[in-house]
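Asks: Contents of data-v1.txt (compact mmCIF, C-alpha atoms) are below:
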# COMPACT_ATOMS: atom_id res chain seq x y z
CA MET A 607 202.20 12.45 -62.38
CA GLU A 608 202.55 16.14 -63.16
CA SER A 609 199.82 18.34 -61.72
CA TYR A 610 200.11 20.83 -64.59
CA LYS A 611 196.81 21.34 -66.41
CA THR A 612 196.99 21.68 -70.18
CA SER A 613 195.09 24.34 -72.11
CA THR A 614 192.53 23.66 -74.82
CA LEU A 615 194.92 25.20 -77.37
CA SER A 616 197.68 22.87 -76.22
CA ASN A 617 195.44 19.82 -76.67
CA GLY A 618 194.35 20.97 -80.11
CA LEU A 619 197.95 21.49 -81.22
CA LEU A 620 198.97 18.15 -79.73
CA TRP A 621 196.36 16.24 -81.72
CA PHE A 622 196.88 18.15 -84.94
CA GLY A 623 200.57 17.30 -84.58
CA ALA A 624 199.60 13.65 -84.08
CA SER A 625 197.65 13.66 -87.35
CA VAL A 626 200.47 15.11 -89.45
CA SER A 627 202.56 12.02 -90.14
CA ILE A 628 204.14 9.99 -92.90
CA ALA A 629 202.03 7.00 -91.76
CA GLU A 630 198.77 8.87 -92.44
CA ILE A 631 199.99 10.03 -95.86
CA PHE A 632 201.13 6.52 -96.71
CA THR A 633 197.74 5.05 -95.72
CA GLY A 634 196.08 7.55 -98.04
CA THR A 635 198.07 6.14 -100.98
CA LEU A 636 196.37 2.77 -100.44
CA PHE A 637 193.05 4.30 -101.59
CA VAL A 638 194.26 4.84 -105.18
CA PRO A 639 192.21 1.96 -106.75
CA LEU A 640 189.00 3.82 -105.82
CA GLY A 641 189.92 6.96 -107.74
CA PHE A 642 190.00 10.40 -106.13
CA ALA A 643 186.26 11.06 -105.64
CA ARG A 644 185.32 7.67 -104.14
CA GLY A 645 188.60 7.50 -102.24
CA PHE A 646 188.03 10.91 -100.66
CA PHE A 647 184.46 9.96 -99.71
CA ALA A 648 185.77 6.77 -98.04
CA ILE A 649 188.33 8.84 -96.13
CA ILE A 650 185.67 11.25 -94.85
CA ALA A 651 183.14 8.53 -93.97
CA GLY A 652 185.69 6.36 -92.17
CA HIS A 653 187.11 9.27 -90.21
CA ILE A 654 183.66 10.36 -89.06
CA ILE A 655 183.03 6.87 -87.65
CA GLY A 656 186.50 6.52 -86.12
CA CYS A 657 186.47 10.00 -84.62
CA ILE A 658 183.04 9.48 -83.03
CA LEU A 659 184.53 6.52 -81.13
CA LEU A 660 187.63 8.58 -80.36
CA TYR A 661 185.44 11.38 -79.01
CA TYR A 662 183.51 9.13 -76.62
CA ALA A 663 186.76 7.62 -75.38
CA GLY A 664 188.05 11.14 -74.67
CA ILE A 665 184.80 12.15 -72.94
CA ILE A 666 185.03 9.15 -70.59
CA GLY A 667 188.50 10.25 -69.53
CA ALA A 668 187.40 13.87 -69.27
CA LYS A 669 184.42 13.08 -67.02
CA SER A 670 186.03 10.37 -64.90
CA GLY A 671 189.44 12.04 -64.57
CA LYS A 672 191.07 8.71 -65.43
CA SER A 673 193.71 7.83 -68.00
CA SER A 674 192.68 5.70 -70.99
CA MET A 675 193.70 2.38 -69.48
CA GLU A 676 192.43 3.32 -66.01
CA SER A 677 189.01 4.01 -67.52
CA VAL A 678 189.02 0.56 -69.14
CA GLY A 679 188.78 -0.77 -65.58
CA LEU A 680 185.24 0.66 -65.41
CA SER A 681 184.21 -2.24 -67.64
CA PHE A 682 186.85 -4.93 -67.16
CA GLY A 683 187.84 -4.55 -63.51
CA ASN A 684 190.89 -3.12 -61.75
CA LYS A 685 193.02 -6.12 -62.76
CA GLY A 686 191.30 -6.88 -66.05
CA ARG A 687 192.30 -3.49 -67.41
CA ASN A 688 195.96 -4.57 -67.20
CA PHE A 689 195.39 -6.95 -70.12
CA PHE A 690 194.42 -4.07 -72.39
CA ALA A 691 197.13 -1.84 -70.93
CA LEU A 692 199.71 -4.44 -71.92
CA LEU A 693 198.21 -4.78 -75.41
CA ASN A 694 198.26 -0.99 -75.67
CA VAL A 695 201.94 -0.83 -74.71
CA LEU A 696 202.77 -3.46 -77.34
CA GLN A 697 200.88 -1.60 -80.08
CA LEU A 698 202.51 1.69 -79.04
CA VAL A 699 205.99 0.16 -79.21
CA GLY A 700 205.02 -1.15 -82.66
CA TRP A 701 203.71 2.28 -83.71
CA SER A 702 206.88 3.96 -82.43
CA ALA A 703 209.03 1.58 -84.46
CA ILE A 704 206.90 2.05 -87.60
CA MET A 705 207.01 5.85 -87.32
CA ILE A 706 210.76 5.92 -86.73
CA ILE A 707 211.38 3.52 -89.64
CA GLN A 708 209.24 5.52 -92.05
CA GLY A 709 210.75 8.79 -90.91
CA SER A 710 214.36 7.58 -91.22
CA ARG A 711 213.79 6.14 -94.69
CA ALA A 712 212.07 9.30 -95.89
CA ILE A 713 214.83 11.56 -94.58
CA GLY A 714 217.41 9.27 -96.19
CA ILE A 715 215.70 9.78 -99.54
CA MET A 716 215.40 13.54 -99.04
CA LEU A 717 219.11 13.91 -98.29
CA SER A 718 220.17 11.36 -100.93
CA THR A 719 221.83 9.22 -98.24
CA GLY A 720 219.78 6.21 -99.33
CA ILE A 721 218.05 3.69 -97.13
CA GLY A 722 221.02 1.40 -96.45
CA MET A 723 221.77 0.00 -93.03
CA GLN A 724 224.12 2.80 -91.96
CA ALA A 725 221.78 5.58 -93.11
CA ASN A 726 218.82 3.84 -91.48
CA LEU A 727 220.76 3.45 -88.21
CA LEU A 728 221.84 7.10 -88.20
CA TRP A 729 218.38 8.58 -88.77
CA CYS A 730 216.65 6.14 -86.45
CA VAL A 731 218.99 7.27 -83.68
CA ILE A 732 218.51 10.98 -84.51
CA ILE A 733 214.71 10.68 -84.59
CA GLY A 734 214.68 8.58 -81.41
CA ALA A 735 216.89 11.12 -79.64
CA THR A 736 214.63 14.01 -80.72
CA ILE A 737 211.58 12.18 -79.38
CA LEU A 738 213.45 11.71 -76.08
CA VAL A 739 213.92 15.48 -75.89
CA TRP A 740 210.13 15.91 -76.30
CA VAL A 741 209.50 13.36 -73.52
CA ILE A 742 211.98 14.97 -71.14
CA MET A 743 210.49 18.43 -71.71
CA GLY A 744 207.05 17.12 -70.74
CA PRO A 745 203.56 18.56 -71.44
CA LYS A 746 204.14 21.88 -69.66
CA ASN A 747 207.21 22.91 -71.65
CA LEU A 748 205.89 21.41 -74.89
CA GLU A 749 202.98 23.85 -75.11
CA LYS A 750 205.08 26.70 -76.52
CA VAL A 751 207.29 24.37 -78.59
CA ASN A 752 204.23 22.78 -80.21
CA ILE A 753 202.89 26.18 -81.29
CA VAL A 754 206.04 26.66 -83.38
CA ALA A 755 206.45 23.04 -84.51
CA VAL A 756 202.83 22.35 -85.44
CA GLY A 757 202.33 25.81 -86.95
CA SER A 758 205.37 25.26 -89.17
CA LEU A 759 204.14 21.79 -90.12
CA PHE A 760 200.78 23.19 -91.16
CA ILE A 761 202.38 25.78 -93.45
CA LEU A 762 204.75 23.23 -94.97
CA THR A 763 201.98 20.70 -95.62
CA ILE A 764 199.90 23.42 -97.32
CA LEU A 765 202.86 24.04 -99.64
CA LEU A 766 203.19 20.30 -100.21
CA SER A 767 199.50 19.85 -101.03
CA SER A 768 199.47 22.81 -103.44
CA MET A 769 202.42 21.29 -105.27
CA ILE A 770 200.72 17.88 -105.51
CA PHE A 771 197.35 19.13 -106.74
CA LYS A 772 198.47 21.94 -109.03
CA GLY A 773 198.73 19.65 -112.07
CA GLY A 774 195.40 17.92 -111.64
CA SER A 775 196.13 15.30 -114.30
CA GLN A 776 195.17 11.83 -113.18
CA THR A 777 197.56 8.93 -113.83
CA ASN A 778 196.52 5.37 -114.65
CA ILE A 779 194.85 3.74 -111.64
CA SER A 780 195.61 0.11 -110.84
CA GLY A 781 195.21 -2.30 -107.94
CA GLU A 782 192.25 -3.62 -106.01
CA LEU A 783 190.53 -2.22 -102.93
CA SER A 784 186.86 -2.55 -102.04
CA PHE A 785 184.98 0.46 -100.71
CA GLY A 786 184.33 -1.38 -97.42
CA ALA A 787 188.03 -2.15 -96.99
CA ALA A 788 188.81 1.53 -97.65
CA ILE A 789 186.29 2.60 -95.00
CA GLU A 790 187.97 0.23 -92.54
CA LEU A 791 191.45 1.60 -93.29
CA SER A 792 190.10 5.11 -92.74
CA ILE A 793 188.53 4.14 -89.41
CA ALA A 794 191.64 2.28 -88.27
CA MET A 795 193.89 5.31 -87.85
CA PRO A 796 191.69 7.35 -85.46
CA LEU A 797 190.81 4.06 -83.75
CA SER A 798 194.51 3.44 -83.08
CA TRP A 799 194.55 6.66 -81.01
CA LEU A 800 191.53 5.60 -78.98
CA PRO A 801 193.58 3.97 -76.17
CA LEU A 802 195.55 7.23 -75.77
CA ILE A 803 193.22 10.21 -75.84
CA SER A 804 192.09 10.10 -72.20
CA ASP A 805 195.74 10.30 -71.12
CA TYR A 806 195.55 13.95 -72.24
CA THR A 807 191.91 15.00 -71.79
CA LYS A 808 191.97 14.03 -68.10
CA ASP A 809 194.69 16.64 -67.44
CA ALA A 810 193.07 19.50 -69.36
CA LYS A 811 191.87 22.69 -67.66
CA HIS A 812 188.56 22.28 -69.49
CA PRO A 813 188.35 18.50 -70.14
CA LEU A 814 185.11 18.38 -72.14
CA THR A 815 186.07 21.29 -74.40
CA ALA A 816 189.57 19.85 -74.81
CA SER A 817 188.04 16.51 -75.89
CA ARG A 818 185.95 18.17 -78.60
CA VAL A 819 188.81 20.35 -79.85
CA SER A 820 191.25 17.41 -79.84
CA VAL A 821 188.97 15.23 -81.95
CA VAL A 822 188.06 18.04 -84.39
CA THR A 823 191.70 19.04 -84.96
CA TYR A 824 192.74 15.41 -85.34
CA PHE A 825 189.88 14.78 -87.79
CA ALA A 826 190.84 17.81 -89.92
CA GLY A 827 194.55 17.00 -89.90
CA SER A 828 194.15 13.28 -90.55
CA VAL A 829 191.70 13.75 -93.43
CA PHE A 830 194.15 16.29 -94.89
CA MET A 831 197.07 13.85 -94.62
CA TYR A 832 195.11 10.94 -96.14
CA THR A 833 194.04 13.22 -98.99
CA ILE A 834 197.62 14.32 -99.62
CA GLY A 835 198.61 10.65 -99.88
CA LEU A 836 195.70 9.85 -102.20
CA GLY A 837 196.33 12.91 -104.35
CA ALA A 838 200.07 12.26 -104.51
CA ALA A 839 199.54 8.70 -105.74
CA ILE A 840 196.85 9.66 -108.28
CA PHE A 841 198.02 13.02 -109.63
CA THR A 842 201.79 12.46 -109.59
CA GLY A 843 201.92 8.69 -110.09
CA GLU A 844 204.26 8.45 -107.11
CA SER A 845 203.23 6.84 -103.82
CA ASP A 846 206.35 7.73 -101.82
CA ILE A 847 205.85 11.23 -100.41
CA ALA A 848 209.58 11.60 -99.73
CA VAL A 849 210.36 10.99 -103.41
CA ILE A 850 207.76 13.61 -104.38
CA MET A 851 209.29 16.19 -102.05
CA TYR A 852 212.79 15.29 -103.25
CA LYS A 853 211.86 15.72 -106.93
CA ALA A 854 210.13 19.01 -106.12
CA GLY A 855 213.30 20.32 -104.52
CA PHE A 856 211.91 20.72 -100.99
CA GLY A 857 215.40 20.10 -99.57
CA ILE A 858 215.73 21.03 -95.89
CA LEU A 859 212.03 21.99 -95.71
CA GLY A 860 211.11 18.42 -96.64
CA VAL A 861 213.46 17.06 -93.99
CA LEU A 862 211.84 19.33 -91.38
CA ILE A 863 208.34 18.17 -92.38
CA ILE A 864 209.36 14.54 -91.98
CA LEU A 865 211.39 15.02 -88.79
CA PHE A 866 208.87 17.12 -86.84
CA SER A 867 205.82 15.21 -88.05
CA THR A 868 207.46 11.97 -86.92
CA VAL A 869 208.43 13.42 -83.56
CA THR A 870 205.10 15.13 -82.74
CA THR A 871 203.21 11.93 -83.57
CA THR A 872 205.52 9.39 -81.93
CA TYR A 873 205.78 11.47 -78.75
CA LEU A 874 202.13 10.66 -78.00
CA ASP A 875 202.85 6.96 -78.50
CA VAL A 876 205.77 6.76 -76.09
CA TYR A 877 204.21 9.07 -73.49
CA SER A 878 200.96 7.09 -73.41
CA ALA A 879 202.88 3.82 -73.22
CA GLY A 880 204.42 5.18 -70.02
CA VAL A 881 200.95 6.06 -68.68
CA SER A 882 199.69 2.55 -69.52
CA LEU A 883 202.64 0.93 -67.75
CA LYS A 884 201.91 3.06 -64.68
CA THR A 885 198.34 1.67 -64.79
CA ILE A 886 199.80 -1.84 -64.54
CA ASN A 887 202.13 -0.88 -61.68
CA SER A 888 201.64 2.43 -59.87
CA ASN A 889 205.29 2.36 -58.73
CA PHE A 890 206.43 3.00 -62.29
CA SER A 891 207.32 6.57 -63.27
CA GLU A 892 205.47 7.74 -66.39
CA LYS A 893 208.45 9.70 -67.70
CA THR A 894 210.95 6.89 -67.01
CA MET A 895 208.69 4.34 -68.70
CA SER A 896 208.16 6.68 -71.66
CA ILE A 897 211.92 7.02 -72.09
CA LEU A 898 212.29 3.24 -71.93
CA VAL A 899 209.56 2.71 -74.56
CA CYS A 900 211.20 5.29 -76.83
CA ILE A 901 214.52 3.45 -76.59
CA ILE A 902 212.86 0.05 -77.23
CA GLY A 903 210.93 1.48 -80.20
CA THR A 904 214.12 2.95 -81.67
CA VAL A 905 216.05 -0.31 -81.26
CA THR A 906 213.11 -2.22 -82.78
CA ALA A 907 213.11 0.15 -85.76
CA ILE A 908 216.81 -0.53 -86.31
CA LEU A 909 216.80 -4.30 -85.84
CA MET A 910 213.27 -5.45 -86.78
CA PRO A 911 211.76 -3.30 -89.56
CA VAL A 912 207.95 -3.63 -89.46
CA GLU A 913 206.53 -4.03 -92.99
CA GLN A 914 202.99 -5.41 -92.50
CA PHE A 915 201.49 -1.95 -91.98
CA GLU A 916 197.96 -2.63 -93.28
CA SER A 917 197.63 -5.85 -91.27
CA PHE A 918 198.90 -4.02 -88.17
CA LEU A 919 196.19 -1.36 -88.51
CA LEU A 920 193.42 -3.94 -88.85
CA LEU A 921 194.72 -5.91 -85.86
CA ILE A 922 194.46 -2.75 -83.75
CA GLY A 923 190.89 -2.30 -84.94
CA SER A 924 189.94 -5.85 -84.02
CA VAL A 925 191.27 -5.41 -80.47
CA PHE A 926 189.99 -1.95 -79.61
CA THR A 927 186.64 -1.75 -81.46
CA PRO A 928 184.88 -4.27 -79.18
CA MET A 929 186.73 -2.89 -76.15
CA ILE A 930 185.51 0.70 -76.62
CA SER A 931 182.02 -0.57 -77.54
CA ILE A 932 181.78 -2.34 -74.17
CA LEU A 933 183.13 0.74 -72.37
CA ILE A 934 180.60 3.02 -74.13
CA ALA A 935 177.74 0.64 -73.26
CA ASP A 936 178.77 0.41 -69.59
CA TYR A 937 179.55 4.11 -69.09
CA PHE A 938 176.84 5.85 -71.11
CA ILE A 939 173.98 3.33 -71.29
CA LEU A 940 174.21 0.92 -68.34
CA LYS A 941 175.97 3.34 -65.92
CA LYS A 942 178.17 0.52 -64.60
CA ASP A 943 181.41 0.80 -62.65
CA ASN A 944 183.42 -2.42 -62.23
CA LEU A 945 186.49 -0.87 -60.61
CA ASN A 946 185.58 -2.62 -57.36
CA LYS A 947 185.91 -5.97 -59.17
CA SER A 948 189.19 -7.67 -59.95
CA VAL A 949 188.09 -8.98 -63.37
CA ASP A 950 184.71 -8.84 -65.11
CA LYS A 951 184.67 -12.22 -66.86
CA VAL A 952 181.39 -11.59 -68.68
CA ASN A 953 182.76 -8.48 -70.40
CA PHE A 954 185.91 -10.38 -71.37
CA ILE A 955 183.76 -13.04 -73.04
CA ILE A 956 181.79 -10.32 -74.87
CA TRP A 957 185.09 -8.76 -75.98
CA LEU A 958 186.31 -12.12 -77.32
CA VAL A 959 183.05 -12.50 -79.27
CA GLY A 960 183.46 -8.99 -80.72
CA PHE A 961 187.11 -9.66 -81.58
CA ALA A 962 186.20 -12.91 -83.39
CA ILE A 963 183.35 -11.25 -85.31
CA TYR A 964 185.66 -8.43 -86.43
CA ARG A 965 188.26 -10.89 -87.73
CA VAL A 966 185.60 -12.87 -89.62
CA LEU A 967 184.03 -9.76 -91.16
CA LEU A 968 187.39 -8.72 -92.58
CA TYR A 969 186.88 -11.48 -95.15
CA VAL A 970 183.36 -10.28 -96.00
CA ASP A 971 183.07 -7.45 -98.53
CA MET A 972 180.73 -5.10 -96.65
CA VAL A 973 180.18 -1.53 -97.89
CA MET A 974 180.21 -0.19 -94.32
CA GLY A 975 183.34 -2.09 -93.28
CA SER A 976 183.72 -4.19 -90.09
CA THR A 977 183.75 -1.57 -87.33
CA ILE A 978 180.09 -0.47 -87.42
CA PRO A 979 178.56 -3.97 -87.33
CA VAL A 980 180.98 -5.11 -84.61
CA MET A 981 180.24 -2.00 -82.57
CA PHE A 982 176.46 -2.43 -82.72
CA ILE A 983 176.57 -6.20 -82.15
CA THR A 984 178.82 -5.70 -79.12
CA LEU A 985 176.59 -2.94 -77.70
CA ILE A 986 173.48 -5.10 -78.12
CA ILE A 987 175.15 -8.10 -76.46
CA CYS A 988 176.22 -5.89 -73.53
CA VAL A 989 172.69 -4.54 -72.96
CA ILE A 990 171.00 -7.94 -73.31
CA THR A 991 173.54 -9.63 -71.02
CA ASP A 992 173.06 -6.94 -68.38
CA LYS A 993 169.25 -7.35 -68.49
CA ILE A 994 169.58 -11.14 -68.16
CA LYS A 995 171.95 -10.77 -65.19
CA ASN A 996 169.65 -8.29 -63.44
CA LYS A 997 166.58 -10.42 -64.06
CA THR A 998 168.34 -13.51 -62.70
CA PHE A 999 169.47 -11.55 -59.64
CA LEU A 1000 165.93 -10.27 -58.96
CA ASN A 1001 164.46 -13.75 -59.30
CA VAL A 1002 166.95 -15.08 -56.79
Rewrite the coordinates I just gave you, this time as structure tokens.
Replies:
Amino acid sequence: MESYKTSTLSNGLLWFGASVSIAEIFTGTLFVPLGFARGFFAIIAGHIIGCILLYYAGIIGAKSGKSSMESVGLSFGNKGRNFFALLNVLQLVGWSAIMIIQGSRAIGIMLSTGIGMQANLLWCVIIGATILVWVIMGPKNLEKVNIVAVGSLFILTILLSSMIFKGGSQTNISGELSFGAAIELSIAMPLSWLPLISDYTKDAKHPLTASRVSVVTYFAGSVFMYTIGLGAAIFTGESDIAVIMYKAGFGILGVLIILFSTVTTTYLDVYSAGVSLKTINSNFSEKTMSILVCIIGTVTAILMPVEQFESFLLLIGSVFTPMISILIADYFILKKDNLNKSVDKVNFIIWLVGFAIYRVLLYVDMVMGSTIPVMFITLIICVITDKIKNKTFLNV
């Protein structure tokens, strides 16, 4: 583990870079059936909820000095946390593959090389190799690079958004999406970063400030990307952002947007996968594991294209919503620390209950979505269970 402490600016740039991605723009296009006004409101509301959870996850890492998966041990035990670390690695490999696939296809369209097997292979390898360069450079050397990369991305996305919204004429809206489902899709993206944020806040010079800045910059960037996707689909009638940039003649600028946005986002995935693997086995090297995950993600992108994007997002939500709810209850309300235990079986049962409730509520059309009810139900179960355990102990 590197002893270098990251600055608040570095953390802010890192998380803004994470928010600027093709995946976030694509998710925004799914909100089209709601129209622009209701769709934008769903984006804002969902991001507020998701980013509140993201913030508390970052604060736990900032205060405890532990990585995301290490801090999970506070609730689930020093061995129990390995279960979530493994799930986190699997979702990060999946995210890496999705990001590389989307990036390679978009660049293929921009350069008119198509999305055939050879073009897909070429750009998957190029994107994967660029991510490897980011991993090898490490957090210390990335600080200056990110200032240039993320600053350029911000300028380019401003140009892109001005081009999308300049017409302002709305196309015919079709499809079905309930407001509750839209809220859930908006929550799901910041929630997918929840198992990562402490990997960075724990190494900040000013951890608490870095947590706040990271969440605020991510919130602003992610809302912006979702809105670009929504606006692109509504005002241009085109849901593929690469096609929009191609038709607008973005050329090499469009390629740079896609390449650097894919790299700055996927870097966090592969780096945090390395941190999670080190949680499982302290003999692992974070950088070596990150390189391995990057290679696996690239190969997966080439051989096993992941298409069920919406289902993937909701699966992440069902796993990590009850997990962070239990961690928030234990850390902030009950002041518990289970690191001296191997596995906390009671919390695992509560997590399973929360997971099951989330999956069931996905089939119920609720205006608020599934995350809020699952979060509150899980918190209440945690508090009641703790009171019952303490009362039983006192009676004995």
Asks: Which of these, A:Val952, A:Val980, A:Ile897, A:Ile631, has the shortest distance to A:Gly683 once you count only C-alpha atoms?
Replies: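 That would be A:Val952, the residue with the smallest distance to A:Gly683.
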Asks: One decimal, in Å: what's the spacing between atom CA of A:Ser888 and atom CA of A:Leu874?
Replies: 19.9 Å
Asks: Counting only C-alpha atoms, note down every residue that has an atom within 9 Å of the point (194.3, 10.7, -66.6) (file coordinates), as a list in words.
Replies: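 Applying the cut-off with only C-alpha atoms, one gets Gly667, Ala668, Ser670, Gly671, Lys672, Ser673, Ser674, Met675, Glu676, Ser677, Ser804, Asp805, Tyr806, Thr807, Lys808, Asp809 and Val881 of chain A.
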Asks: Using all atoms listed in the file, pick whichever of A:Val861, A:Val925, A:Val876, A:Leu693 has the shortest atom-to-atom distance to A:Phe961.
Replies: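 Closest residue, counting all atoms listed in the file: A:Val925.
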Asks: Taking all atoms of stretch 854-860 of chain A that the file lists, what box with edges along x, y and z, padded by 4 Å per side, do you get, with centre and edge lengths in Å to one decimal, as lines of an AutoDock Vina configuration file?
Replies:
center_x = 212.9
center_y = 20.2
center_z = -100.9
size_x = 13.6
size_y = 11.6
size_z = 18.4
Asks: Could you name the residues that touch A:Tyr964 at 8 Å or less, counting all atoms listed in the file, but leaving out those on the same chain fewer than 2 positions away, as a list in words?
Replies: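 Those residues are Ser924, Gly960, Phe961, Ala962, Val966, Leu967, Leu968, Ser976, Thr977 and Val980 of chain A.
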Asks: Can I get the selection written as an mmCIF file, keeping the file's coordinate frame, with C-alpha atoms?
Replies:
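See result.cif below for the written result:
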data_model
loop_
_atom_site.group_PDB
_atom_site.id
_atom_site.type_symbol
_atom_site.label_atom_id
_atom_site.label_comp_id
_atom_site.auth_asym_id
_atom_site.auth_seq_id
_atom_site.Cartn_x
_atom_site.Cartn_y
_atom_site.Cartn_z
ATOM 1 C CA SER A 924 189.940 -5.850 -84.020
ATOM 2 C CA GLY A 960 183.460 -8.990 -80.720
ATOM 3 C CA PHE A 961 187.110 -9.660 -81.580
ATOM 4 C CA ALA A 962 186.200 -12.910 -83.390
ATOM 5 C CA VAL A 966 185.600 -12.870 -89.620
ATOM 6 C CA LEU A 967 184.030 -9.760 -91.160
ATOM 7 C CA LEU A 968 187.390 -8.720 -92.580
ATOM 8 C CA SER A 976 183.720 -4.190 -90.090
ATOM 9 C CA THR A 977 183.750 -1.570 -87.330
ATOM 10 C CA VAL A 980 180.980 -5.110 -84.610
#
Asks: For A:Gly855, which of A:Ser718, A:Ser616, A:Ser878, A:Thr633 is the closest residue, counting only C-alpha atoms?
Replies: A:Ser718
Asks: I'd like the interatomic distance between atom CA of A:Ala624 and atom CA of A:Leu717, to a tenth of an Å.
Replies: 24.1 Å
Asks: Write out as an MDAnalysis selection string each polymer residue whose atoms come within 9 Å of A:Val822, counting only C-alpha atoms; drop sequence neighbours fewer than 2 positions from it.
Replies: chainID A and resid 618 621:622 657 661 817:820 824:827
